[in-house]
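Trainee: Sharing a structure below in structure tokens format, with a few things to ask.
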Amino acid sequence: MKKNLLYYTILSSIILIGCSKETGDIDVPEPIPADELLFPKKEMRSVWITTAWGLDWPMGKYDITAQKNQYTQYLDKFKELHINTVIVQVKPMGDAFYPSPYEPWSASITGTRGQDPGYDVLKFMIDEAHQRGIEFHAWMNPYRIATRANNTTSYPALHASVKAEWVVNHEKIQIYNPARPEVRQRLADIVKDLITKYEVDGIHFDDYFYPDPSSAGVMVSDAGDYQQYGAGYTSIEDFRRGNVDKAIKAVHDAIVATRPGIVFAVSPAAGPDYNMNTLFADVTGWCREGWIDIVMPQLYQEIGNQYNDFQARLGWWTQYSYQAVPMVGHGYYKFGDPAYPSAFQSPLELERQFELTKRNTKVMGNALYSARFVLFNKIGITDKLASIYSNPAVIPFLGREVAPAPSKPHNVSMANGQLTWHKSGDDRSVVYHFTDLKKEGKVVTVTTATSLPVTAPGYYCVTTINADNRESAPSDIAEKK
């Protein structure tokens with residue numbers, strides 16, 4: 001194995017001297033380059049932080065200090081667990097967690113819709129995540145404005161920038177009308193405004209597109225929309241799917257034109273037919289066209305479920321992910337809740353699910369729904385997660401190349417238990433450790449430093465990763481005796 005240049009220079013000299021004194025050949029193994037080592041799988045390890053109704057944050061806390069403390073408590077726990085991404089809901093209900101010209105401040109922050117909370121909520125959230133080496137993906141609901149129990153309650157007043165004809169008031173949900181070209185443009189403009197003002201790493205949509213009639217109550221007919229805008233479609237169902245297609249493509253195009261380094265993810269429901277024929281979301285079409293970078297189906301059912309078997313759905317989504325990188329959303333909230341099947345009463349179900357995703361070569365990450373249940377740790381589920389995520393992971397490259405390519409670290413050396421290396425630029429470094437050069441290694445750390453004290457014997461190498469999460473070739477190997 002190639003360990004370092006000095007080692008092999010000395011070894012070659014010894015072998016040549018030995019050959020000059022002996023008859024016959026000496027069989028010396030060829031060194032294996034560092035880029036042939038077995039590196040651990042890259043993973044985006046993420047958690048959804050739900051802000052609709054304040055579910056995960058801020059949970060009814062309207063004091064600024066209390067809100068900040070609660071959020072950083074989440075981040076500190078996630079960093080401890082080697083989670084590297086948060087997906088934070090910043091547009092849950094036709095509202096915003098930042099000053100927006102399009103939508104009012106969210107009621108979840110102050111208790112009153114439209115009320116300025118007195119600090120830059122989104123900047124605080126992003127900065128705190130980045131300080132801990134955690135990516136921040138902005139989770140946005142594209143259409144939902146408000147919900148209500150029934151039509152005896154009025155919906156809140158619309159933002160001044162919203163025209164009433166852009167909105168549909170179903171019995172239990174108020175949405176932006178997906179059929180309106182103005183709505184699609186508005187959605188793209190909202191995304192552009194957000195990514196221009198804030199250093200988010202990704203934009204994330206969940207599974208809410210056209211509303212599900214089973215939860216929306218009495219629906220307002222869109223026959224008039226079809227008559228007005230449906231030229232070229234052979235059915236109203238295709239028309240609806242076409243409307244959502246146009247919205248997704250508009251957001252994709254806005255991202256690429258504004259900040260192409262940002263990744264765009266959609267987290268659909270588990271059932272392909274449900275997405276296609278109830279929510280009118282042709283998710284696999286978006287994957288095929290390259291309009292989304294990540295597809296993250298919500299596989300919230302257990303392995304062996306008769307309707308939505310985790311393993312079967314995993315196979316389906318990875319088969320039809322096309323250009324998108326598949327990741328898996330897990331129903332973390334179900335563990336330890338007696339309302340759910342027996343599989344969720346044991347942490348072994350989570351372990352089995354993660355084993356399936358790790359063995360699947362296409363899957364590059366996992367997401368947990370949702371944040372508060374990580375802290376609750378029912379039935380020791382977070383203890384199990386800690387054992388699964390025992391070492392850090394490197395986020396894979398997922399979108400478009402924007403940053404300069406990372407350079408291979410050089411002058412890697414080991415002396416007195418200190419690993420040191422040189423690198424160019426501001427790229428982060430990844431330190432890998434191998435106890436055996438024929439076995440899979442592990443990530444020791446992702447760091448901005450160029451030295452690291454190490455105690456475990458074995459072999460170490462270093463790479464760099466740039467802002468796009470593109471990784472360099474590995475350095476030469478240094479050995480710790």
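In the structure tokens, the first chain shown is A, the next is B, and so on; residue numbers restart at 1 for each chain, and ligands run from 1 in the order shown.
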Hey, which bits of segment 390-469 of chain A sit within 9 Å of segment 275-295 of chain A, and for each residue what's the closest pair of atoms and how far apart in Å (one decimal), counting only C-alpha atoms, rows by chain and increasing number, as a Markdown table?

Mentor:
| residue | atom | partner | partner_atom | distance |
| --- | --- | --- | --- | --- |
| A:Leu398 | CA | A:Asp293 | CA | 6.3 |
| A:Gly399 | CA | A:Asp293 | CA | 5.8 |
| A:Arg400 | CA | A:Asp293 | CA | 9.0 |

Trainee: Check the DSSP output for the backbone and give back, as an NGL selection string, the residues of segment 159-354 of chain A in alpha helix (DSSP H).

Mentor: :A and (181-197 or 213-216 or 223-229 or 236-258 or 272-277 or 283-289 or 310-319 or 348-354)

Trainee: Nearest to His170 of chain A: which of A:Ala312, A:Val402, A:Val220, A:Ala34 is it, counting only C-alpha atoms?

Mentor: A:Val220

Trainee: Any idea what's packed within 12 Å of segment 151-165 of chain A, counting only C-alpha atoms, ignoring anything in its chain fewer than 4 positions away? Could you give it as a PDB file with C-alpha atoms, in the first residue's frame?

Mentor:
ATOM      1  CA  MET A  93     -48.742  29.037   5.344  1.00  0.00           C
ATOM      2  CA  GLY A  94     -48.468  31.693   2.664  1.00  0.00           C
ATOM      3  CA  ASP A  95     -46.232  33.487   5.149  1.00  0.00           C
ATOM      4  CA  ALA A  96     -42.533  33.964   5.811  1.00  0.00           C
ATOM      5  CA  SER A 100     -40.804  39.434   2.388  1.00  0.00           C
ATOM      6  CA  PRO A 101     -42.455  41.774  -0.112  1.00  0.00           C
ATOM      7  CA  TYR A 102     -44.793  38.905  -1.045  1.00  0.00           C
ATOM      8  CA  GLU A 103     -46.001  37.366   2.211  1.00  0.00           C
ATOM      9  CA  PRO A 104     -46.537  38.415   5.850  1.00  0.00           C
ATOM     10  CA  TRP A 105     -44.462  37.398   8.846  1.00  0.00           C
ATOM     11  CA  SER A 106     -45.571  34.006  10.103  1.00  0.00           C
ATOM     12  CA  ALA A 107     -47.921  33.901  13.070  1.00  0.00           C
ATOM     13  CA  THR A 112     -49.799  37.326  15.312  1.00  0.00           C
ATOM     14  CA  ARG A 113     -49.675  37.062  11.536  1.00  0.00           C
ATOM     15  CA  GLY A 114     -47.773  39.953   9.985  1.00  0.00           C
ATOM     16  CA  ARG A 144     -50.974  26.565   1.036  1.00  0.00           C
ATOM     17  CA  ILE A 145     -52.058  29.901   2.537  1.00  0.00           C
ATOM     18  CA  ALA A 146     -54.251  28.868   5.482  1.00  0.00           C
ATOM     19  CA  THR A 147     -56.337  26.049   6.956  1.00  0.00           C
ATOM     20  CA  ASN A 169     -60.976  29.013  -0.840  1.00  0.00           C
ATOM     21  CA  HIS A 170     -61.833  25.352  -0.359  1.00  0.00           C
ATOM     22  CA  GLU A 171     -63.822  24.393   2.718  1.00  0.00           C
ATOM     23  CA  LYS A 172     -60.793  23.546   4.879  1.00  0.00           C
ATOM     24  CA  ILE A 173     -57.806  24.916   2.994  1.00  0.00           C
ATOM     25  CA  GLN A 174     -56.987  28.146   1.216  1.00  0.00           C
ATOM     26  CA  ILE A 175     -54.415  27.882  -1.562  1.00  0.00           C
ATOM     27  CA  TYR A 176     -52.824  29.832  -4.345  1.00  0.00           C
ATOM     28  CA  ASN A 177     -54.526  28.642  -7.524  1.00  0.00           C
ATOM     29  CA  PRO A 178     -52.062  26.332  -9.356  1.00  0.00           C
ATOM     30  CA  ALA A 179     -53.815  27.069 -12.663  1.00  0.00           C
ATOM     31  CA  ARG A 180     -52.937  30.780 -12.699  1.00  0.00           C
ATOM     32  CA  PRO A 181     -49.779  31.858 -14.576  1.00  0.00           C
ATOM     33  CA  GLU A 182     -49.469  34.755 -12.095  1.00  0.00           C
ATOM     34  CA  VAL A 183     -49.256  32.266  -9.223  1.00  0.00           C
ATOM     35  CA  ARG A 186     -45.132  34.653  -7.964  1.00  0.00           C
ATOM     36  CA  LEU A 187     -43.768  31.383  -6.576  1.00  0.00           C
ATOM     37  CA  ILE A 190     -40.622  34.332  -3.884  1.00  0.00           C
ATOM     38  CA  ALA A 216     -59.819  19.687   2.033  1.00  0.00           C
ATOM     39  CA  GLY A 217     -63.531  19.189   2.567  1.00  0.00           C
ATOM     40  CA  VAL A 218     -65.888  20.605  -0.044  1.00  0.00           C
ATOM     41  CA  MET A 219     -63.780  21.535  -3.052  1.00  0.00           C
ATOM     42  CA  ASP A 225     -59.746  27.229 -15.007  1.00  0.00           C
TER      43      ASP A 225
END

Trainee: My list of candidates is A:Ala270, A:Ile395, A:Leu348, A:Met296. Which is closest to Thr85 of chain A when distances are computed with only C-alpha atoms?

Mentor: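 Of A:Ala270, A:Ile395, A:Leu348, A:Met296, the one nearest Thr85 of chain A is A:Ile395, counting only C-alpha atoms.
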
Trainee: So which residues touch Phe124 of chain A within 12 Å, counting only C-alpha atoms, skipping near sequence neighbours fewer than 2 positions away, as a list in words?

Mentor: Ile64, Thr65, Gln67, Lys68, Asn69, Tyr71, Thr72, Phe97, Tyr98, Gly118, Tyr119, Asp120, Val121, Leu122, Ile126, Asp127, Glu128, Ala129, His130, Gln131, Phe136, Tyr198, Glu199 and Val200 of chain A

Trainee: Got time to write the residues from that selection, C-alpha atoms, as a short mmCIF file (atom, residue, chain, number, x, y, z; two decimals), in the first residue's frame?

Mentor:
data_model
loop_
_atom_site.label_atom_id
_atom_site.label_comp_id
_atom_site.auth_asym_id
_atom_site.auth_seq_id
_atom_site.Cartn_x
_atom_site.Cartn_y
_atom_site.Cartn_z
CA ILE A 64 -36.66 36.11 21.43
CA THR A 65 -34.15 34.62 23.86
CA GLN A 67 -36.69 31.05 20.66
CA LYS A 68 -32.97 31.33 20.04
CA ASN A 69 -32.11 28.98 22.88
CA TYR A 71 -33.21 26.48 18.13
CA THR A 72 -29.56 26.24 19.18
CA PHE A 97 -39.82 33.68 8.45
CA TYR A 98 -38.05 36.69 6.96
CA GLY A 118 -37.83 42.17 16.20
CA TYR A 119 -34.90 40.19 14.82
CA ASP A 120 -33.81 38.59 11.56
CA VAL A 121 -35.10 35.09 12.25
CA LEU A 122 -33.83 33.45 9.09
CA ILE A 126 -28.73 30.08 8.92
CA ASP A 127 -25.74 31.56 10.73
CA GLU A 128 -26.11 29.25 13.72
CA ALA A 129 -26.33 26.21 11.45
CA HIS A 130 -23.32 27.20 9.38
CA GLN A 131 -21.24 27.92 12.48
CA PHE A 136 -29.51 24.94 5.92
CA TYR A 198 -30.10 34.68 2.32
CA GLU A 199 -27.27 32.14 2.13
CA VAL A 200 -29.44 29.04 2.14
#

Trainee: Based on the backbone DSSP call, show me all residues of segment 208-338 of chain A assigned strand (DSSP E or B), as a PyMOL selection string.

Mentor: chain A and resi 263-266+269+294-295+298-299+325-326+328-330

Trainee: Figure out the distance between atom CA of Ala247 of chain A and atom CA of Trp48 of chain A, please, to one decimal in Å.

Mentor: 23.0 Å

Trainee: Closest to Arg132 of chain A among A:Ser346, A:Thr448, A:Thr463, A:Ser215, using only C-alpha atoms?

Mentor: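 Checking each of A:Ser346, A:Thr448, A:Thr463, A:Ser215 against Arg132 of chain A, counting only C-alpha atoms, the winner is A:Thr448.
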
Trainee: Counting only C-alpha atoms, figure out which residue out of A:Ser370, A:Ile303, A:Leu37, A:Leu350 gets nearest to Phe434 of chain A.

Mentor: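 For Phe434 of chain A, the nearest of the candidates is A:Leu37.
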
Trainee: Using only C-alpha atoms, which residues sit within 6 Å of segment 417-419 of chain A once same-chain residues fewer than 4 positions away are excluded, as a list of chain:residue names?

Mentor: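 Everything that qualifies: A:Ser413, A:Ser451, A:Leu452, A:Pro453, A:Val454.
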
Trainee: Could you save those same residues with N, CA and C atoms as a tab-separated table (two decimals), in the first residue's frame?

Mentor:
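Result file is part.tsv:
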chain	number	residue	atom	x	y	z
A	413	SER	N	1.74	14.72	6.61
A	413	SER	CA	2.76	14.09	7.44
A	413	SER	C	2.20	13.79	8.82
A	451	SER	N	-4.38	20.83	10.53
A	451	SER	CA	-3.69	19.88	11.40
A	451	SER	C	-4.70	19.27	12.36
A	452	LEU	N	-4.36	18.09	12.87
A	452	LEU	CA	-5.30	17.39	13.75
A	452	LEU	C	-4.53	16.43	14.65
A	453	PRO	N	-4.72	16.52	15.97
A	453	PRO	CA	-4.11	15.51	16.84
A	453	PRO	C	-4.85	14.19	16.69
A	454	VAL	N	-4.11	13.10	16.53
A	454	VAL	CA	-4.72	11.78	16.37
A	454	VAL	C	-4.07	10.81	17.34
